[in-house]
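Engineer: So that you have it, the file is upload38.tsv, and it contains TSV, C-alpha atoms:
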```
chain	number	residue	atom	x	y	z
A	1	ILE	CA	48.61	-5.21	342.85
A	2	THR	CA	48.86	-1.78	341.24
A	3	GLY	CA	52.37	-1.31	339.85
A	4	GLU	CA	52.77	-5.00	339.01
A	5	THR	CA	52.41	-6.54	335.53
A	6	VAL	CA	49.87	-8.95	334.08
A	7	VAL	CA	50.00	-11.29	331.08
A	8	VAL	CA	47.08	-10.74	328.68
A	9	GLU	CA	45.89	-13.09	325.94
A	10	GLU	CA	42.47	-11.94	324.74
A	11	PRO	CA	41.11	-13.93	321.74
A	12	GLU	CA	38.27	-11.56	320.79
A	13	THR	CA	40.52	-8.57	319.99
A	14	GLY	CA	43.82	-10.40	319.54
A	15	LEU	CA	45.43	-8.31	322.29
A	16	GLN	CA	48.32	-10.10	323.94
A	17	GLY	CA	51.38	-9.13	325.92
A	18	ILE	CA	52.58	-8.02	329.34
A	19	PHE	CA	51.03	-4.79	330.63
A	20	TRP	CA	51.39	-2.55	333.67
A	21	ILE	CA	48.52	-2.43	336.17
A	22	ASP	CA	47.62	1.22	336.79
A	23	ALA	CA	44.77	0.52	339.23
A	24	ASP	CA	42.88	-2.41	340.70
A	25	SER	CA	39.62	-2.94	342.59
A	26	HIS	CA	38.19	-6.04	344.27
A	27	THR	CA	34.60	-6.81	345.25
A	28	TRP	CA	32.85	-9.76	346.88
A	29	ALA	CA	29.09	-10.03	346.39
A	30	ARG	CA	26.74	-12.99	346.72
A	31	GLY	CA	29.63	-15.38	346.92
A	32	GLN	CA	31.24	-14.06	343.74
A	33	TYR	CA	34.64	-12.36	343.58
A	34	THR	CA	35.24	-9.69	340.92
A	35	CYS	CA	38.59	-8.07	340.14
A	36	ARG	CA	38.83	-5.03	337.84
A	37	LEU	CA	42.19	-3.94	336.46
A	38	THR	CA	43.17	-0.73	334.65
A	39	LEU	CA	45.96	-1.64	332.24
A	40	ASN	CA	48.50	0.69	330.71
A	41	CYS	CA	48.46	-0.35	327.07
A	42	ARG	CA	47.32	2.62	324.95
A	43	SER	CA	49.54	2.16	321.89
A	44	GLU	CA	49.37	-1.63	322.13
A	45	ILE	CA	45.58	-1.45	321.62
A	46	THR	CA	45.77	1.27	318.97
A	47	PHE	CA	48.06	-0.70	316.66
A	48	GLN	CA	47.13	-4.28	317.61
A	49	SER	CA	44.91	-4.62	314.55
A	50	GLY	CA	47.96	-4.71	312.27
A	51	SER	CA	47.17	-1.35	310.72
A	52	THR	CA	50.29	0.39	309.45
A	53	ASN	CA	48.67	3.83	309.20
A	54	THR	CA	50.44	6.25	311.52
A	55	ASP	CA	50.71	9.97	311.17
A	56	GLY	CA	51.12	13.13	313.18
A	57	CYS	CA	54.29	13.47	315.25
A	58	THR	CA	57.64	14.94	314.25
A	59	THR	CA	60.60	14.88	316.62
A	60	VAL	CA	63.82	16.88	316.30
A	61	SER	CA	67.07	16.98	318.27
A	62	VAL	CA	69.87	19.50	317.80
A	63	THR	CA	73.15	19.05	319.65
A	64	PRO	CA	75.19	22.02	320.97
A	65	GLU	CA	77.45	22.20	317.90
A	66	ARG	CA	74.53	23.45	315.78
A	67	ALA	CA	72.30	25.09	318.40
A	68	GLU	CA	72.43	28.89	318.41
A	69	HIS	CA	73.23	29.22	322.11
A	70	GLY	CA	75.19	26.00	322.56
A	71	ASP	CA	72.36	24.09	324.26
A	72	THR	CA	70.88	20.68	323.50
A	73	LEU	CA	67.45	21.04	321.88
A	74	LEU	CA	64.61	18.49	321.87
A	75	CYS	CA	61.46	19.51	319.98
A	76	GLN	CA	58.24	17.69	319.11
A	77	THR	CA	54.91	18.26	317.41
A	78	TRP	CA	52.18	16.08	318.89
A	79	ASP	CA	49.35	16.00	316.37
A	80	TRP	CA	46.72	13.84	318.01
A	81	LYS	CA	42.95	13.64	318.41
A	82	MET	CA	41.34	16.96	319.33
A	83	ALA	CA	38.82	15.16	321.55
A	84	LEU	CA	41.67	14.29	323.93
A	85	ARG	CA	42.71	17.89	324.60
A	86	GLU	CA	40.88	17.89	327.94
A	87	CYS	CA	42.69	14.69	328.96
A	88	VAL	CA	46.25	16.02	328.56
A	89	LEU	CA	48.20	16.52	331.79
A	90	LEU	CA	51.64	17.84	332.67
A	91	LEU	CA	52.91	15.60	335.46
A	92	ARG	CA	55.70	16.25	337.93
A	93	VAL	CA	56.84	12.98	339.47
A	94	LYS	CA	58.99	12.75	342.60
A	95	LYS	CA	60.10	9.24	343.51
A	96	PRO	CA	62.69	8.44	346.22
A	97	GLY	CA	66.03	7.47	344.72
A	98	LYS	CA	65.05	8.56	341.20
A	99	PRO	CA	65.46	11.83	339.28
A	100	GLU	CA	62.49	14.20	339.35
A	101	ILE	CA	60.41	13.92	336.16
A	102	ILE	CA	58.28	16.32	334.14
A	103	THR	CA	56.22	14.56	331.46
A	104	LEU	CA	53.29	15.45	329.20
A	105	VAL	CA	50.75	12.62	329.12
A	106	GLU	CA	47.22	11.57	328.37
A	107	ALA	CA	45.35	10.85	331.60
A	108	GLY	CA	46.00	7.27	332.68
A	109	THR	CA	49.46	6.85	331.17
A	110	LEU	CA	52.62	6.72	333.27
A	111	ALA	CA	54.87	8.80	331.02
A	112	LYS	CA	55.28	10.14	327.53
A	113	MET	CA	57.55	12.90	326.20
A	114	GLY	CA	59.44	14.67	328.98
A	115	MET	CA	62.67	15.32	330.82
A	116	ASN	CA	64.21	14.72	334.22
A	117	SER	CA	66.40	16.48	336.75
A	118	ALA	CA	69.45	14.42	335.65
A	119	GLY	CA	69.32	16.17	332.27
A	120	VAL	CA	67.82	13.30	330.26
A	121	GLY	CA	64.98	14.02	327.83
A	122	VAL	CA	62.87	11.76	325.62
A	123	LEU	CA	60.42	12.23	322.73
A	124	LEU	CA	58.12	9.71	321.03
A	125	ASN	CA	56.89	8.81	317.55
A	126	ALA	CA	54.29	6.13	316.99
A	127	LEU	CA	55.40	3.44	314.53
A	128	ALA	CA	53.48	0.45	313.24
A	129	SER	CA	54.10	-2.78	311.38
A	130	ASP	CA	52.14	-5.92	310.67
A	131	CYS	CA	54.09	-7.94	313.24
A	132	LYS	CA	52.43	-8.82	316.55
A	133	ALA	CA	54.75	-9.13	319.51
A	134	GLU	CA	54.38	-10.00	323.15
A	135	GLY	CA	56.20	-7.70	325.53
A	136	VAL	CA	56.05	-4.69	327.80
A	137	PRO	CA	54.65	-1.21	327.01
A	138	LEU	CA	57.00	1.32	325.45
A	139	PRO	CA	59.54	2.05	328.23
A	140	LEU	CA	59.17	5.84	328.47
A	141	ARG	CA	58.86	5.87	332.26
A	142	GLY	CA	62.00	3.76	332.58
A	143	ILE	CA	63.90	6.15	330.31
A	144	LEU	CA	62.79	9.15	332.36
A	145	GLU	CA	63.84	7.44	335.59
A	146	ALA	CA	67.40	6.99	334.28
A	147	ASP	CA	70.11	9.04	335.97
A	148	ASN	CA	72.40	9.14	332.92
A	149	PHE	CA	72.40	8.54	329.17
A	150	CYS	CA	73.73	4.97	329.36
A	151	HIS	CA	70.97	3.94	331.76
A	152	ALA	CA	68.38	5.62	329.53
A	153	VAL	CA	69.54	3.64	326.49
A	154	ALA	CA	69.51	0.43	328.56
A	155	ALA	CA	65.96	1.13	329.74
A	156	ALA	CA	64.83	1.61	326.14
A	157	THR	CA	66.35	-1.59	324.78
A	158	LYS	CA	66.62	-4.23	327.50
A	159	LYS	CA	63.09	-5.65	327.14
A	160	ARG	CA	60.98	-6.69	324.20
A	161	VAL	CA	58.11	-4.27	323.59
A	162	ALA	CA	54.49	-5.08	322.76
A	163	CYS	CA	54.20	-2.53	319.95
A	164	CYS	CA	56.46	-0.53	317.65
A	165	GLY	CA	57.66	2.94	318.52
A	166	ASN	CA	60.46	5.44	318.12
A	167	VAL	CA	62.17	7.15	321.05
A	168	MET	CA	64.50	10.11	320.57
A	169	MET	CA	66.74	10.83	323.55
A	170	ALA	CA	69.20	13.59	324.40
A	171	THR	CA	71.00	14.99	327.42
A	172	ARG	CA	72.03	18.45	328.55
A	173	ASP	CA	75.64	17.31	327.98
A	174	GLY	CA	75.04	17.16	324.22
A	175	GLU	CA	74.49	13.43	323.70
A	176	ALA	CA	71.66	12.42	321.36
A	177	LEU	CA	70.41	9.36	319.52
A	178	ASP	CA	67.24	7.77	318.18
A	179	ILE	CA	66.01	4.20	318.73
A	180	GLU	CA	63.42	2.47	316.56
A	181	LEU	CA	61.75	-0.31	318.54
A	182	ALA	CA	59.98	-3.25	316.89
A	183	GLY	CA	59.04	-6.12	319.19
A	184	GLU	CA	62.21	-7.87	320.31
A	185	ASP	CA	64.42	-5.93	317.87
A	186	PHE	CA	65.65	-2.35	317.61
A	187	ASP	CA	68.03	-0.17	315.65
A	188	VAL	CA	69.87	3.00	316.60
A	189	LEU	CA	70.08	6.16	314.49
A	190	TYR	CA	72.65	8.89	315.12
A	191	PRO	CA	72.69	12.63	314.40
A	192	LYS	CA	73.88	13.80	310.99
A	193	GLU	CA	75.66	17.11	311.18
A	194	SER	CA	74.40	17.40	314.78
A	195	ILE	CA	70.72	17.08	313.83
A	196	LEU	CA	68.23	14.22	314.24
A	197	VAL	CA	64.74	14.25	312.69
A	198	HIS	CA	62.10	11.52	312.83
A	199	THR	CA	58.44	11.11	311.88
A	200	ASN	CA	55.98	8.20	312.12
A	201	HIS	CA	57.76	5.87	309.70
A	202	PHE	CA	60.68	3.49	310.03
A	203	VAL	CA	64.01	4.82	308.73
A	204	SER	CA	66.21	1.83	309.55
A	205	ASN	CA	66.84	-0.86	306.96
A	206	ARG	CA	67.02	-3.47	309.76
A	207	VAL	CA	63.63	-3.13	311.42
A	208	PRO	CA	61.04	-4.42	311.17
A	209	ARG	CA	62.67	-7.68	310.13
A	210	TYR	CA	61.47	-9.62	307.08
A	211	PRO	CA	58.78	-10.90	306.50
A	212	TYR	CA	57.13	-8.08	308.45
A	213	LYS	CA	56.62	-4.69	306.89
A	214	ASP	CA	55.78	-1.19	308.02
```
What's the structure tokens form of this structure?

Structural biologist:
Amino acid sequence: ITGETVVVEEPETGLQGIFWIDADSHTWARGQYTCRLTLNCRSEITFQSGSTNTDGCTTVSVTPERAEHGDTLLCQTWDWKMALRECVLLLRVKKPGKPEIITLVEAGTLAKMGMNSAGVGVLLNALASDCKAEGVPLPLRGILEADNFCHAVAAATKKRVACCGNVMMATRDGEALDIELAGEDFDVLYPKESILVHTNHFVSNRVPRYPYKD
């Protein structure tokens, strides 16, 4: 069942939502069946407590009009826990019928910041609010599997997400935008004078919706 999704409602921690199954194992012993699942829900667990303390990442996009050599630039600082340095991997993913992907991840996650052979790139900022939503993990893998900018935007916004987050996307053709995701809602931010900058705090006046706060 790896690659499928599972609905979780766990009363002890308050974790709830729909999560990807990264791995599964099944054992039968003494007439008892045990199933163990590895779920992809890193950020959902991190911010499930309702804490609104986020810090660390800065993302920047510069479109060709302002870039020195006429390229599209995507840049990110990833200020995270030093103890996880040994768990960081650079993955190259080849999947039939999909663009080839290069993504920098923590071991066990399907995708994070990266780019693909179709010229689509994505960056990530953690965001938090006191709202709790059921939904899917942040759709970074779906964005990186998109073969054009329109499909990348659709992948980012078509499903409700289980935690808040910000995705900055750009293409080698000079397109760029930023999407703040908050449960079933989102808002889009556009470059100003060909530059986009985002940190770990909501910029939009629309999300998160009242009565929730960031």

Engineer: Calculate how many Å separate atom CA of Gln32 of chain A from atom CA of Val7 of chain A, rounding to one decimal.

Structural biologist: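 Computing it gives 22.8 Å between the two atoms.
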
Engineer: Output as JSON lines one row per residue of segment 73-163 of chain A within 6 Å of segment 171-190 of chain A: the closest atom pair and its distance in Å to one decimal place, counting all atoms listed in the file, sorted by chain and residue number ascending.

Structural biologist:
```
{"residue": "A:Gly119", "atom": "CA", "partner": "A:Arg172", "partner_atom": "CA", "distance": 5.1}
{"residue": "A:Val120", "atom": "CA", "partner": "A:Thr171", "partner_atom": "CA", "distance": 4.6}
{"residue": "A:Ala133", "atom": "CA", "partner": "A:Gly183", "partner_atom": "CA", "distance": 5.3}
{"residue": "A:Arg160", "atom": "CA", "partner": "A:Glu184", "partner_atom": "CA", "distance": 4.2}
{"residue": "A:Val161", "atom": "CA", "partner": "A:Gly183", "partner_atom": "CA", "distance": 4.9}
{"residue": "A:Ala162", "atom": "CA", "partner": "A:Gly183", "partner_atom": "CA", "distance": 5.9}
```

Engineer: Using all atoms listed in the file, determine which residues lie at most 12 Å from Thr34 of chain A, disregarding the query and same-chain residues fewer than 6 positions distant; provide the list as a list in words.

Structural biologist: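 Surrounding residues, per the criterion: Asp24, Ser25, His26, Thr27 and Trp28 of chain A.
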
Engineer: To one decimal in Å, tell me the separation between atom CA of Pro11 of chain A and atom CA of Glu106 of chain A.

Structural biologist: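 Computing it gives 27.0 Å between the two atoms.
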
Engineer: When you count only C-alpha atoms, which of these residues is closest to Leu37 of chain A: A:Asn205, A:Glu65, A:Thr2, A:Val60?

Structural biologist: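 Using only C-alpha atoms, the shortest distance to Leu37 of chain A belongs to A:Thr2.
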
Engineer: Give me segment 101-162 of chain A from this structure - C-alpha atoms, as a PDB file, in the first residue's frame.

Structural biologist:
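So out.pdb came out as:
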```
ATOM      1  CA  ILE A 101      13.425  16.029 -10.629  1.00  0.00           C
ATOM      2  CA  ILE A 102      16.287  17.223  -8.452  1.00  0.00           C
ATOM      3  CA  THR A 103      15.186  18.006  -4.880  1.00  0.00           C
ATOM      4  CA  LEU A 104      16.899  18.639  -1.539  1.00  0.00           C
ATOM      5  CA  VAL A 105      15.117  16.764   1.249  1.00  0.00           C
ATOM      6  CA  GLU A 106      15.318  15.383   4.738  1.00  0.00           C
ATOM      7  CA  ALA A 107      15.487  11.581   4.630  1.00  0.00           C
ATOM      8  CA  GLY A 108      11.979  10.150   4.444  1.00  0.00           C
ATOM      9  CA  THR A 109      10.292  13.033   2.639  1.00  0.00           C
ATOM     10  CA  LEU A 110       9.201  12.829  -0.994  1.00  0.00           C
ATOM     11  CA  ALA A 111      10.237  16.320  -2.081  1.00  0.00           C
ATOM     12  CA  LYS A 112      11.134  19.757  -0.832  1.00  0.00           C
ATOM     13  CA  MET A 113      12.852  22.655  -2.621  1.00  0.00           C
ATOM     14  CA  GLY A 114      14.026  21.704  -6.104  1.00  0.00           C
ATOM     15  CA  MET A 115      13.631  21.938  -9.856  1.00  0.00           C
ATOM     16  CA  ASN A 116      12.735  19.733 -12.787  1.00  0.00           C
ATOM     17  CA  SER A 117      13.779  19.137 -16.377  1.00  0.00           C
ATOM     18  CA  ALA A 118      10.732  21.086 -17.660  1.00  0.00           C
ATOM     19  CA  GLY A 119      12.209  24.255 -16.155  1.00  0.00           C
ATOM     20  CA  VAL A 120       9.917  24.493 -13.112  1.00  0.00           C
ATOM     21  CA  GLY A 121      11.434  25.270  -9.706  1.00  0.00           C
ATOM     22  CA  VAL A 122       9.906  25.520  -6.229  1.00  0.00           C
ATOM     23  CA  LEU A 123      11.020  26.819  -2.815  1.00  0.00           C
ATOM     24  CA  LEU A 124       9.352  26.493   0.593  1.00  0.00           C
ATOM     25  CA  ASN A 125       8.728  28.564   3.714  1.00  0.00           C
ATOM     26  CA  ALA A 126       7.082  27.085   6.780  1.00  0.00           C
ATOM     27  CA  LEU A 127       4.028  29.046   7.946  1.00  0.00           C
ATOM     28  CA  ALA A 128       1.819  28.455  10.954  1.00  0.00           C
ATOM     29  CA  SER A 129      -1.529  29.545  12.315  1.00  0.00           C
ATOM     30  CA  ASP A 130      -3.838  28.407  15.077  1.00  0.00           C
ATOM     31  CA  CYS A 131      -6.246  26.757  12.635  1.00  0.00           C
ATOM     32  CA  LYS A 132      -6.290  22.961  12.362  1.00  0.00           C
ATOM     33  CA  ALA A 133      -7.210  21.575   8.967  1.00  0.00           C
ATOM     34  CA  GLU A 134      -7.669  18.149   7.486  1.00  0.00           C
ATOM     35  CA  GLY A 135      -6.004  17.629   4.140  1.00  0.00           C
ATOM     36  CA  VAL A 136      -2.995  16.381   2.231  1.00  0.00           C
ATOM     37  CA  PRO A 137       0.696  17.166   2.883  1.00  0.00           C
ATOM     38  CA  LEU A 138       2.153  20.243   1.217  1.00  0.00           C
ATOM     39  CA  PRO A 139       2.128  19.369  -2.519  1.00  0.00           C
ATOM     40  CA  LEU A 140       5.822  19.890  -3.327  1.00  0.00           C
ATOM     41  CA  ARG A 141       6.190  16.584  -5.177  1.00  0.00           C
ATOM     42  CA  GLY A 142       3.147  17.383  -7.306  1.00  0.00           C
ATOM     43  CA  ILE A 143       4.587  20.795  -8.186  1.00  0.00           C
ATOM     44  CA  LEU A 144       7.903  19.249  -9.202  1.00  0.00           C
ATOM     45  CA  GLU A 145       6.136  16.668 -11.366  1.00  0.00           C
ATOM     46  CA  ALA A 146       4.400  19.433 -13.360  1.00  0.00           C
ATOM     47  CA  ASP A 147       5.485  19.860 -16.970  1.00  0.00           C
ATOM     48  CA  ASN A 148       4.601  23.567 -17.142  1.00  0.00           C
ATOM     49  CA  PHE A 149       3.809  26.552 -14.927  1.00  0.00           C
ATOM     50  CA  CYS A 150       0.024  26.208 -15.161  1.00  0.00           C
ATOM     51  CA  HIS A 151       0.161  22.587 -14.030  1.00  0.00           C
ATOM     52  CA  ALA A 152       2.494  23.549 -11.172  1.00  0.00           C
ATOM     53  CA  VAL A 153       0.053  26.186  -9.919  1.00  0.00           C
ATOM     54  CA  ALA A 154      -2.819  23.684 -10.199  1.00  0.00           C
ATOM     55  CA  ALA A 155      -0.856  21.096  -8.210  1.00  0.00           C
ATOM     56  CA  ALA A 156      -0.243  23.647  -5.450  1.00  0.00           C
ATOM     57  CA  THR A 157      -3.847  24.779  -5.090  1.00  0.00           C
ATOM     58  CA  LYS A 158      -6.240  22.012  -6.118  1.00  0.00           C
ATOM     59  CA  LYS A 159      -6.377  20.209  -2.752  1.00  0.00           C
ATOM     60  CA  ARG A 160      -6.798  21.355   0.813  1.00  0.00           C
ATOM     61  CA  VAL A 161      -3.573  21.018   2.802  1.00  0.00           C
ATOM     62  CA  ALA A 162      -3.127  19.710   6.339  1.00  0.00           C
TER      63      ALA A 162
END
```
